[in-house]
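Source file: my_file-v4.txt. Holds: compact mmCIF, N, CA and C atoms.
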# COMPACT_ATOMS: atom_id res chain seq x y z
N MET T 30 10.26 -6.29 -11.74
CA MET T 30 8.93 -5.90 -12.17
C MET T 30 8.79 -4.39 -12.00
N LEU T 31 8.17 -3.76 -12.97
CA LEU T 31 7.92 -2.33 -12.90
C LEU T 31 6.85 -2.02 -11.87
N GLU T 32 6.83 -0.76 -11.43
CA GLU T 32 5.91 -0.38 -10.35
C GLU T 32 4.44 -0.51 -10.75
N LYS T 33 4.06 -0.03 -11.92
CA LYS T 33 2.65 -0.02 -12.32
C LYS T 33 2.06 -1.43 -12.41
N PRO T 34 2.69 -2.37 -13.12
CA PRO T 34 2.13 -3.73 -13.15
C PRO T 34 2.06 -4.36 -11.75
N PHE T 35 3.06 -4.08 -10.93
CA PHE T 35 3.04 -4.62 -9.56
C PHE T 35 1.88 -4.02 -8.78
N GLU T 36 1.69 -2.73 -8.90
CA GLU T 36 0.59 -2.06 -8.20
C GLU T 36 -0.76 -2.64 -8.61
N LEU T 37 -0.96 -2.86 -9.90
CA LEU T 37 -2.21 -3.45 -10.38
C LEU T 37 -2.41 -4.86 -9.83
N LYS T 38 -1.34 -5.64 -9.79
CA LYS T 38 -1.40 -7.01 -9.25
C LYS T 38 -1.79 -6.98 -7.77
N LEU T 39 -1.21 -6.05 -7.03
CA LEU T 39 -1.49 -5.93 -5.61
C LEU T 39 -2.92 -5.46 -5.37
N ARG T 40 -3.37 -4.48 -6.13
CA ARG T 40 -4.75 -4.00 -6.00
C ARG T 40 -5.74 -5.13 -6.23
N LYS T 41 -5.51 -5.90 -7.27
CA LYS T 41 -6.40 -7.01 -7.61
C LYS T 41 -6.42 -8.05 -6.49
N ALA T 42 -5.25 -8.38 -5.95
CA ALA T 42 -5.17 -9.39 -4.89
C ALA T 42 -5.90 -8.92 -3.63
N ILE T 43 -5.73 -7.67 -3.26
CA ILE T 43 -6.39 -7.16 -2.05
C ILE T 43 -7.90 -7.15 -2.25
N THR T 44 -8.35 -6.73 -3.42
CA THR T 44 -9.78 -6.71 -3.72
C THR T 44 -10.37 -8.12 -3.70
N GLN T 45 -9.66 -9.08 -4.27
CA GLN T 45 -10.14 -10.46 -4.29
C GLN T 45 -10.24 -11.05 -2.89
N LYS T 46 -9.42 -10.55 -1.96
CA LYS T 46 -9.47 -11.03 -0.58
C LYS T 46 -10.55 -10.32 0.24
N GLY T 47 -11.27 -9.39 -0.40
CA GLY T 47 -12.37 -8.71 0.28
C GLY T 47 -12.05 -7.30 0.76
N GLY T 48 -10.88 -6.81 0.45
CA GLY T 48 -10.50 -5.46 0.84
C GLY T 48 -11.00 -4.43 -0.16
N TRP T 49 -11.03 -3.19 0.29
CA TRP T 49 -11.39 -2.05 -0.56
C TRP T 49 -10.12 -1.27 -0.83
N VAL T 50 -9.89 -0.90 -2.09
CA VAL T 50 -8.66 -0.22 -2.48
C VAL T 50 -8.98 0.94 -3.40
N VAL T 51 -8.33 2.07 -3.15
CA VAL T 51 -8.40 3.19 -4.08
C VAL T 51 -6.97 3.61 -4.40
N LYS T 52 -6.73 3.89 -5.66
CA LYS T 52 -5.42 4.38 -6.11
C LYS T 52 -5.41 5.88 -5.90
N TYR T 53 -4.43 6.38 -5.17
CA TYR T 53 -4.32 7.81 -4.91
C TYR T 53 -3.46 8.43 -6.00
N PHE T 54 -4.00 9.45 -6.66
CA PHE T 54 -3.25 10.19 -7.68
C PHE T 54 -2.91 11.56 -7.14
N GLY T 55 -1.64 11.84 -6.99
CA GLY T 55 -1.23 13.15 -6.51
C GLY T 55 -1.33 14.20 -7.61
N CYS T 56 -1.57 15.43 -7.17
CA CYS T 56 -1.59 16.57 -8.08
C CYS T 56 -1.13 17.79 -7.30
N GLY T 57 -1.11 18.92 -7.92
CA GLY T 57 -0.65 20.14 -7.29
C GLY T 57 -1.48 20.57 -6.09
N MET T 58 -2.71 20.09 -5.99
CA MET T 58 -3.60 20.48 -4.91
C MET T 58 -3.65 19.45 -3.77
N SER T 59 -2.89 18.37 -3.89
CA SER T 59 -2.97 17.30 -2.89
C SER T 59 -1.68 17.23 -2.07
N ALA T 60 -1.73 16.47 -1.01
CA ALA T 60 -0.58 16.33 -0.11
C ALA T 60 0.50 15.47 -0.75
N SER T 61 1.68 16.00 -0.87
CA SER T 61 2.81 15.25 -1.41
C SER T 61 3.19 14.12 -0.47
N GLY T 62 3.64 13.02 -1.04
CA GLY T 62 4.10 11.89 -0.25
C GLY T 62 3.02 10.92 0.18
N THR T 63 1.77 11.20 -0.17
CA THR T 63 0.67 10.29 0.19
C THR T 63 0.90 8.94 -0.50
N PRO T 64 0.73 7.83 0.23
CA PRO T 64 0.95 6.51 -0.36
C PRO T 64 0.06 6.24 -1.58
N ASP T 65 0.51 5.34 -2.44
CA ASP T 65 -0.18 5.03 -3.69
C ASP T 65 -1.55 4.40 -3.49
N LEU T 66 -1.65 3.47 -2.56
CA LEU T 66 -2.91 2.75 -2.35
C LEU T 66 -3.44 3.03 -0.96
N LEU T 67 -4.70 3.42 -0.89
CA LEU T 67 -5.38 3.62 0.38
C LEU T 67 -6.43 2.54 0.46
N CYS T 68 -6.38 1.74 1.53
CA CYS T 68 -7.20 0.53 1.61
C CYS T 68 -7.96 0.47 2.94
N CYS T 69 -9.07 -0.24 2.90
CA CYS T 69 -9.77 -0.63 4.10
C CYS T 69 -9.90 -2.15 4.04
N VAL T 70 -9.30 -2.80 5.02
CA VAL T 70 -9.28 -4.26 5.06
C VAL T 70 -9.89 -4.70 6.39
N ASN T 71 -11.14 -5.15 6.33
CA ASN T 71 -11.84 -5.65 7.52
C ASN T 71 -11.85 -4.61 8.64
N GLY T 72 -12.02 -3.35 8.27
CA GLY T 72 -12.08 -2.27 9.24
C GLY T 72 -10.75 -1.61 9.57
N TYR T 73 -9.66 -2.12 9.04
CA TYR T 73 -8.34 -1.56 9.27
C TYR T 73 -7.95 -0.63 8.11
N PHE T 74 -7.37 0.53 8.44
CA PHE T 74 -6.86 1.44 7.42
C PHE T 74 -5.44 1.00 7.08
N VAL T 75 -5.21 0.74 5.79
CA VAL T 75 -3.90 0.30 5.32
C VAL T 75 -3.48 1.21 4.17
N ALA T 76 -2.33 1.85 4.31
CA ALA T 76 -1.77 2.69 3.25
C ALA T 76 -0.52 2.00 2.72
N ILE T 77 -0.45 1.88 1.40
CA ILE T 77 0.65 1.14 0.79
C ILE T 77 1.36 2.01 -0.24
N GLU T 78 2.65 2.16 -0.06
CA GLU T 78 3.51 2.81 -1.05
C GLU T 78 4.10 1.71 -1.91
N CYS T 79 3.76 1.70 -3.19
CA CYS T 79 4.23 0.66 -4.10
C CYS T 79 5.55 1.08 -4.76
N LYS T 80 6.44 0.13 -4.86
CA LYS T 80 7.73 0.37 -5.50
C LYS T 80 8.07 -0.79 -6.42
N SER T 81 8.89 -0.49 -7.43
CA SER T 81 9.39 -1.54 -8.31
C SER T 81 10.40 -2.39 -7.54
N SER T 82 10.94 -3.37 -8.20
CA SER T 82 11.93 -4.25 -7.56
C SER T 82 13.14 -3.48 -7.05
N THR T 83 13.46 -2.37 -7.70
CA THR T 83 14.65 -1.60 -7.32
C THR T 83 14.32 -0.26 -6.68
N GLY T 84 13.03 0.10 -6.61
CA GLY T 84 12.64 1.40 -6.09
C GLY T 84 12.71 1.50 -4.58
N LYS T 85 12.87 2.73 -4.10
CA LYS T 85 12.92 2.99 -2.67
C LYS T 85 12.06 4.21 -2.36
N PRO T 86 11.41 4.22 -1.19
CA PRO T 86 10.58 5.38 -0.85
C PRO T 86 11.43 6.62 -0.56
N SER T 87 10.87 7.76 -0.90
CA SER T 87 11.54 9.02 -0.59
C SER T 87 11.44 9.31 0.90
N ASP T 88 12.20 10.28 1.36
CA ASP T 88 12.13 10.66 2.77
C ASP T 88 10.72 11.13 3.12
N LEU T 89 10.09 11.90 2.24
CA LEU T 89 8.73 12.39 2.50
C LEU T 89 7.74 11.23 2.57
N GLN T 90 7.88 10.24 1.71
CA GLN T 90 7.00 9.07 1.75
C GLN T 90 7.18 8.31 3.07
N LYS T 91 8.41 8.19 3.55
CA LYS T 91 8.67 7.54 4.84
C LYS T 91 8.00 8.32 5.98
N ILE T 92 8.08 9.64 5.92
CA ILE T 92 7.45 10.48 6.95
C ILE T 92 5.94 10.24 6.97
N LYS T 93 5.31 10.22 5.79
CA LYS T 93 3.86 10.01 5.70
C LYS T 93 3.47 8.64 6.25
N LEU T 94 4.23 7.61 5.91
CA LEU T 94 3.94 6.27 6.42
C LEU T 94 4.07 6.23 7.94
N ASN T 95 5.07 6.90 8.48
CA ASN T 95 5.22 6.96 9.95
C ASN T 95 4.08 7.72 10.60
N GLN T 96 3.58 8.78 9.97
CA GLN T 96 2.43 9.51 10.50
C GLN T 96 1.20 8.61 10.56
N ILE T 97 1.03 7.80 9.53
CA ILE T 97 -0.10 6.86 9.49
C ILE T 97 0.03 5.84 10.62
N LEU T 98 1.24 5.31 10.81
CA LEU T 98 1.47 4.35 11.91
C LEU T 98 1.18 4.99 13.27
N LYS T 99 1.64 6.21 13.47
CA LYS T 99 1.44 6.90 14.75
C LYS T 99 -0.03 7.19 15.02
N SER T 100 -0.82 7.31 13.96
CA SER T 100 -2.25 7.60 14.14
C SER T 100 -3.10 6.34 14.25
N GLY T 101 -2.46 5.17 14.26
CA GLY T 101 -3.19 3.92 14.45
C GLY T 101 -3.48 3.14 13.19
N GLY T 102 -3.05 3.63 12.05
CA GLY T 102 -3.23 2.91 10.80
C GLY T 102 -2.03 2.02 10.51
N ILE T 103 -2.06 1.39 9.37
CA ILE T 103 -0.96 0.54 8.93
C ILE T 103 -0.39 1.17 7.68
N GLY T 104 0.89 1.48 7.70
CA GLY T 104 1.56 2.08 6.56
C GLY T 104 2.76 1.25 6.17
N ILE T 105 2.78 0.78 4.93
CA ILE T 105 3.86 -0.12 4.50
C ILE T 105 4.36 0.25 3.11
N VAL T 106 5.57 -0.21 2.83
CA VAL T 106 6.14 -0.14 1.48
C VAL T 106 6.05 -1.55 0.92
N ALA T 107 5.46 -1.67 -0.27
CA ALA T 107 5.32 -2.98 -0.91
C ALA T 107 6.11 -2.98 -2.22
N SER T 108 6.77 -4.11 -2.47
CA SER T 108 7.50 -4.30 -3.72
C SER T 108 7.38 -5.78 -4.09
N PRO T 109 7.78 -6.13 -5.30
CA PRO T 109 7.72 -7.56 -5.65
C PRO T 109 8.50 -8.44 -4.67
N LYS T 110 9.51 -7.88 -4.02
CA LYS T 110 10.32 -8.66 -3.08
C LYS T 110 9.54 -9.07 -1.84
N ASN T 111 8.58 -8.26 -1.40
CA ASN T 111 7.83 -8.59 -0.18
C ASN T 111 6.34 -8.80 -0.46
N TYR T 112 5.99 -9.09 -1.70
CA TYR T 112 4.59 -9.29 -2.11
C TYR T 112 3.90 -10.36 -1.25
N THR T 113 4.55 -11.49 -1.05
CA THR T 113 3.96 -12.57 -0.26
C THR T 113 3.71 -12.12 1.18
N ASP T 114 4.65 -11.37 1.74
CA ASP T 114 4.49 -10.87 3.11
C ASP T 114 3.31 -9.91 3.20
N VAL T 115 3.14 -9.06 2.20
CA VAL T 115 2.02 -8.11 2.19
C VAL T 115 0.70 -8.88 2.14
N LEU T 116 0.62 -9.89 1.29
CA LEU T 116 -0.61 -10.68 1.21
C LEU T 116 -0.87 -11.44 2.50
N GLN T 117 0.16 -11.89 3.18
CA GLN T 117 -0.02 -12.54 4.48
C GLN T 117 -0.56 -11.56 5.50
N LEU T 118 -0.10 -10.32 5.46
CA LEU T 118 -0.62 -9.29 6.34
C LEU T 118 -2.11 -9.07 6.07
N ILE T 119 -2.48 -8.98 4.81
CA ILE T 119 -3.89 -8.78 4.44
C ILE T 119 -4.72 -9.96 4.94
N ASP T 120 -4.21 -11.18 4.77
CA ASP T 120 -4.91 -12.37 5.26
C ASP T 120 -5.12 -12.29 6.78
N CYS T 121 -4.10 -11.88 7.50
CA CYS T 121 -4.21 -11.76 8.97
C CYS T 121 -5.24 -10.71 9.35
N LEU T 122 -5.30 -9.61 8.64
CA LEU T 122 -6.27 -8.56 8.93
C LEU T 122 -7.70 -9.02 8.65
N MET T 123 -7.86 -9.95 7.74
CA MET T 123 -9.19 -10.44 7.38
C MET T 123 -9.78 -11.35 8.46
N ILE T 124 -8.94 -11.83 9.38
CA ILE T 124 -9.40 -12.70 10.46
C ILE T 124 -9.88 -11.82 11.60
N LYS T 125 -11.09 -12.06 12.05
CA LYS T 125 -11.64 -11.27 13.16
C LYS T 125 -12.41 -12.15 14.08
What is this structure when it is put down as structure tokens?
Amino acid sequence: MLEKPFELKLRKAITQKGGWVVKYFGCGMSASGTPDLLCCVNGYFVAIECKSSTGKPSDLQKIKLNQILKSGGIGIVASPKNYTDVLQLIDCLMIK
């Protein structure tokens, strides 16, 4: 599956589960490596770097995700291969 259709599918699923999602668009004035999706799920900050079935995050994207983890947020790489796991994580975050 290509990255864009997968990203749209993931955005829709998170929204349907009650999460808030914004698609981050990078430009020359923004921070490089920022994850594709910035989410709030039941009070938790979740940043998701979306990849196609064969895509891999760049070194800079990995650094940004680690910075998010170190600051108390959740930073993950999502692809069609781990889609179910990502949705299970969202489900767990929705329980309070």
Selection near stretch 80-84 of chain T, 12 Å with only C-alpha atoms, sequence-local residues under 4 positions removed, as a PyMOL selection string: chain T and resi 30-37+39+64-66+90+105-112
Gap from atom CA of T:Ser87 to atom CA of T:Gly72 - Å, one decimal: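 Interatomic distance, atom CA of T:Ser87 to atom CA of T:Gly72: 28.0 Å.
The interatomic distance for the pair atom CA of T:Val51 and atom C of T:Cys69 works out to 9.8 Å.
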Distance of atom N of T:Leu122 from atom C of T:Lys38, expressed in Å to one decimal place: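 Pair atom C of T:Lys38 / atom N of T:Leu122 returns 17.0 Å.
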Which of chain T DSSP labels strand (DSSP E), written as a PyMOL selection string: chain T and resi 49-52+66-70+73-79+103-107
How big is the axis-aligned box around the listed atoms of stretch 33-42 of chain T once 3 Å is added on each side, and where is its centre? Give both in Å to one decimal, as AutoDock Vina command-line options.
--center_x -1.2 --center_y -4.7 --center_z -8.4 --size_x 16.5 --size_y 15.4 --size_z 15.5
Contacts of T:Leu67 within 7 Å, only C-alpha atoms, excl. fewer than 4 positions in-chain, as an NGL selection string: :T and (50-53 or 75-77)
Could you save the residues just selected, with N, CA and C atoms, as a compact mmCIF listing (two decimals), in the coordinates of the input?
# COMPACT_ATOMS: atom_id res chain seq x y z
N VAL T 50 -9.89 -0.90 -2.09
CA VAL T 50 -8.66 -0.22 -2.48
C VAL T 50 -8.98 0.94 -3.40
N VAL T 51 -8.33 2.07 -3.15
CA VAL T 51 -8.40 3.19 -4.08
C VAL T 51 -6.97 3.61 -4.40
N LYS T 52 -6.73 3.89 -5.66
CA LYS T 52 -5.42 4.38 -6.11
C LYS T 52 -5.41 5.88 -5.90
N TYR T 53 -4.43 6.38 -5.17
CA TYR T 53 -4.32 7.81 -4.91
C TYR T 53 -3.46 8.43 -6.00
N VAL T 75 -5.21 0.74 5.79
CA VAL T 75 -3.90 0.30 5.32
C VAL T 75 -3.48 1.21 4.17
N ALA T 76 -2.33 1.85 4.31
CA ALA T 76 -1.77 2.69 3.25
C ALA T 76 -0.52 2.00 2.72
N ILE T 77 -0.45 1.88 1.40
CA ILE T 77 0.65 1.14 0.79
C ILE T 77 1.36 2.01 -0.24
Secondary structure check, helix (DSSP H, G or I) residues of chain T, as a VMD selection string: chain T and resid 32 to 45 88 to 99 109 to 123
Generate a file of the selected residues that holds N, CA and C atoms, formatted as a compact mmCIF listing (two decimals), in the coordinates of the input.
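Printed below is out.txt as written:
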# COMPACT_ATOMS: atom_id res chain seq x y z
N GLU T 32 6.83 -0.76 -11.43
CA GLU T 32 5.91 -0.38 -10.35
C GLU T 32 4.44 -0.51 -10.75
N LYS T 33 4.06 -0.03 -11.92
CA LYS T 33 2.65 -0.02 -12.32
C LYS T 33 2.06 -1.43 -12.41
N PRO T 34 2.69 -2.37 -13.12
CA PRO T 34 2.13 -3.73 -13.15
C PRO T 34 2.06 -4.36 -11.75
N PHE T 35 3.06 -4.08 -10.93
CA PHE T 35 3.04 -4.62 -9.56
C PHE T 35 1.88 -4.02 -8.78
N GLU T 36 1.69 -2.73 -8.90
CA GLU T 36 0.59 -2.06 -8.20
C GLU T 36 -0.76 -2.64 -8.61
N LEU T 37 -0.96 -2.86 -9.90
CA LEU T 37 -2.21 -3.45 -10.38
C LEU T 37 -2.41 -4.86 -9.83
N LYS T 38 -1.34 -5.64 -9.79
CA LYS T 38 -1.40 -7.01 -9.25
C LYS T 38 -1.79 -6.98 -7.77
N LEU T 39 -1.21 -6.05 -7.03
CA LEU T 39 -1.49 -5.93 -5.61
C LEU T 39 -2.92 -5.46 -5.37
N ARG T 40 -3.37 -4.48 -6.13
CA ARG T 40 -4.75 -4.00 -6.00
C ARG T 40 -5.74 -5.13 -6.23
N LYS T 41 -5.51 -5.90 -7.27
CA LYS T 41 -6.40 -7.01 -7.61
C LYS T 41 -6.42 -8.05 -6.49
N ALA T 42 -5.25 -8.38 -5.95
CA ALA T 42 -5.17 -9.39 -4.89
C ALA T 42 -5.90 -8.92 -3.63
N ILE T 43 -5.73 -7.67 -3.26
CA ILE T 43 -6.39 -7.16 -2.05
C ILE T 43 -7.90 -7.15 -2.25
N THR T 44 -8.35 -6.73 -3.42
CA THR T 44 -9.78 -6.71 -3.72
C THR T 44 -10.37 -8.12 -3.70
N GLN T 45 -9.66 -9.08 -4.27
CA GLN T 45 -10.14 -10.46 -4.29
C GLN T 45 -10.24 -11.05 -2.89
N ASP T 88 12.20 10.28 1.36
CA ASP T 88 12.13 10.66 2.77
C ASP T 88 10.72 11.13 3.12
N LEU T 89 10.09 11.90 2.24
CA LEU T 89 8.73 12.39 2.50
C LEU T 89 7.74 11.23 2.57
N GLN T 90 7.88 10.24 1.71
CA GLN T 90 7.00 9.07 1.75
C GLN T 90 7.18 8.31 3.07
N LYS T 91 8.41 8.19 3.55
CA LYS T 91 8.67 7.54 4.84
C LYS T 91 8.00 8.32 5.98
N ILE T 92 8.08 9.64 5.92
CA ILE T 92 7.45 10.48 6.95
C ILE T 92 5.94 10.24 6.97
N LYS T 93 5.31 10.22 5.79
CA LYS T 93 3.86 10.01 5.70
C LYS T 93 3.47 8.64 6.25
N LEU T 94 4.23 7.61 5.91
CA LEU T 94 3.94 6.27 6.42
C LEU T 94 4.07 6.23 7.94
N ASN T 95 5.07 6.90 8.48
CA ASN T 95 5.22 6.96 9.95
C ASN T 95 4.08 7.72 10.60
N GLN T 96 3.58 8.78 9.97
CA GLN T 96 2.43 9.51 10.50
C GLN T 96 1.20 8.61 10.56
N ILE T 97 1.03 7.80 9.53
CA ILE T 97 -0.10 6.86 9.49
C ILE T 97 0.03 5.84 10.62
N LEU T 98 1.24 5.31 10.81
CA LEU T 98 1.47 4.35 11.91
C LEU T 98 1.18 4.99 13.27
N LYS T 99 1.64 6.21 13.47
CA LYS T 99 1.44 6.90 14.75
C LYS T 99 -0.03 7.19 15.02
N PRO T 109 7.78 -6.13 -5.30
CA PRO T 109 7.72 -7.56 -5.65
C PRO T 109 8.50 -8.44 -4.67
N LYS T 110 9.51 -7.88 -4.02
CA LYS T 110 10.32 -8.66 -3.08
C LYS T 110 9.54 -9.07 -1.84
N ASN T 111 8.58 -8.26 -1.40
CA ASN T 111 7.83 -8.59 -0.18
C ASN T 111 6.34 -8.80 -0.46
N TYR T 112 5.99 -9.09 -1.70
CA TYR T 112 4.59 -9.29 -2.11
C TYR T 112 3.90 -10.36 -1.25
N THR T 113 4.55 -11.49 -1.05
CA THR T 113 3.96 -12.57 -0.26
C THR T 113 3.71 -12.12 1.18
N ASP T 114 4.65 -11.37 1.74
CA ASP T 114 4.49 -10.87 3.11
C ASP T 114 3.31 -9.91 3.20
N VAL T 115 3.14 -9.06 2.20
CA VAL T 115 2.02 -8.11 2.19
C VAL T 115 0.70 -8.88 2.14
N LEU T 116 0.62 -9.89 1.29
CA LEU T 116 -0.61 -10.68 1.21
C LEU T 116 -0.87 -11.44 2.50
N GLN T 117 0.16 -11.89 3.18
CA GLN T 117 -0.02 -12.54 4.48
C GLN T 117 -0.56 -11.56 5.50
N LEU T 118 -0.10 -10.32 5.46
CA LEU T 118 -0.62 -9.29 6.34
C LEU T 118 -2.11 -9.07 6.07
N ILE T 119 -2.48 -8.98 4.81
CA ILE T 119 -3.89 -8.78 4.44
C ILE T 119 -4.72 -9.96 4.94
N ASP T 120 -4.21 -11.18 4.77
CA ASP T 120 -4.91 -12.37 5.26
C ASP T 120 -5.12 -12.29 6.78
N CYS T 121 -4.10 -11.88 7.50
CA CYS T 121 -4.21 -11.76 8.97
C CYS T 121 -5.24 -10.71 9.35
N LEU T 122 -5.30 -9.61 8.64
CA LEU T 122 -6.27 -8.56 8.93
C LEU T 122 -7.70 -9.02 8.65
N MET T 123 -7.86 -9.95 7.74
CA MET T 123 -9.19 -10.44 7.38
C MET T 123 -9.78 -11.35 8.46
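If all atoms listed in the file are the atoms counted, then among T:Leu116, T:Gly101, T:Gly48, T:Thr63 the closest residue to T:Leu89 is T:Thr63.
Nearest residue to T:Ile119 among T:Ser61, T:Ser100, T:Asn71, T:Asn95 is T:Asn71, counting only C-alpha atoms.
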Among listed residues T:Val115, T:Cys68, T:Glu78, T:Ile97, nearest T:Trp49 (using all atoms listed in the file): T:Cys68
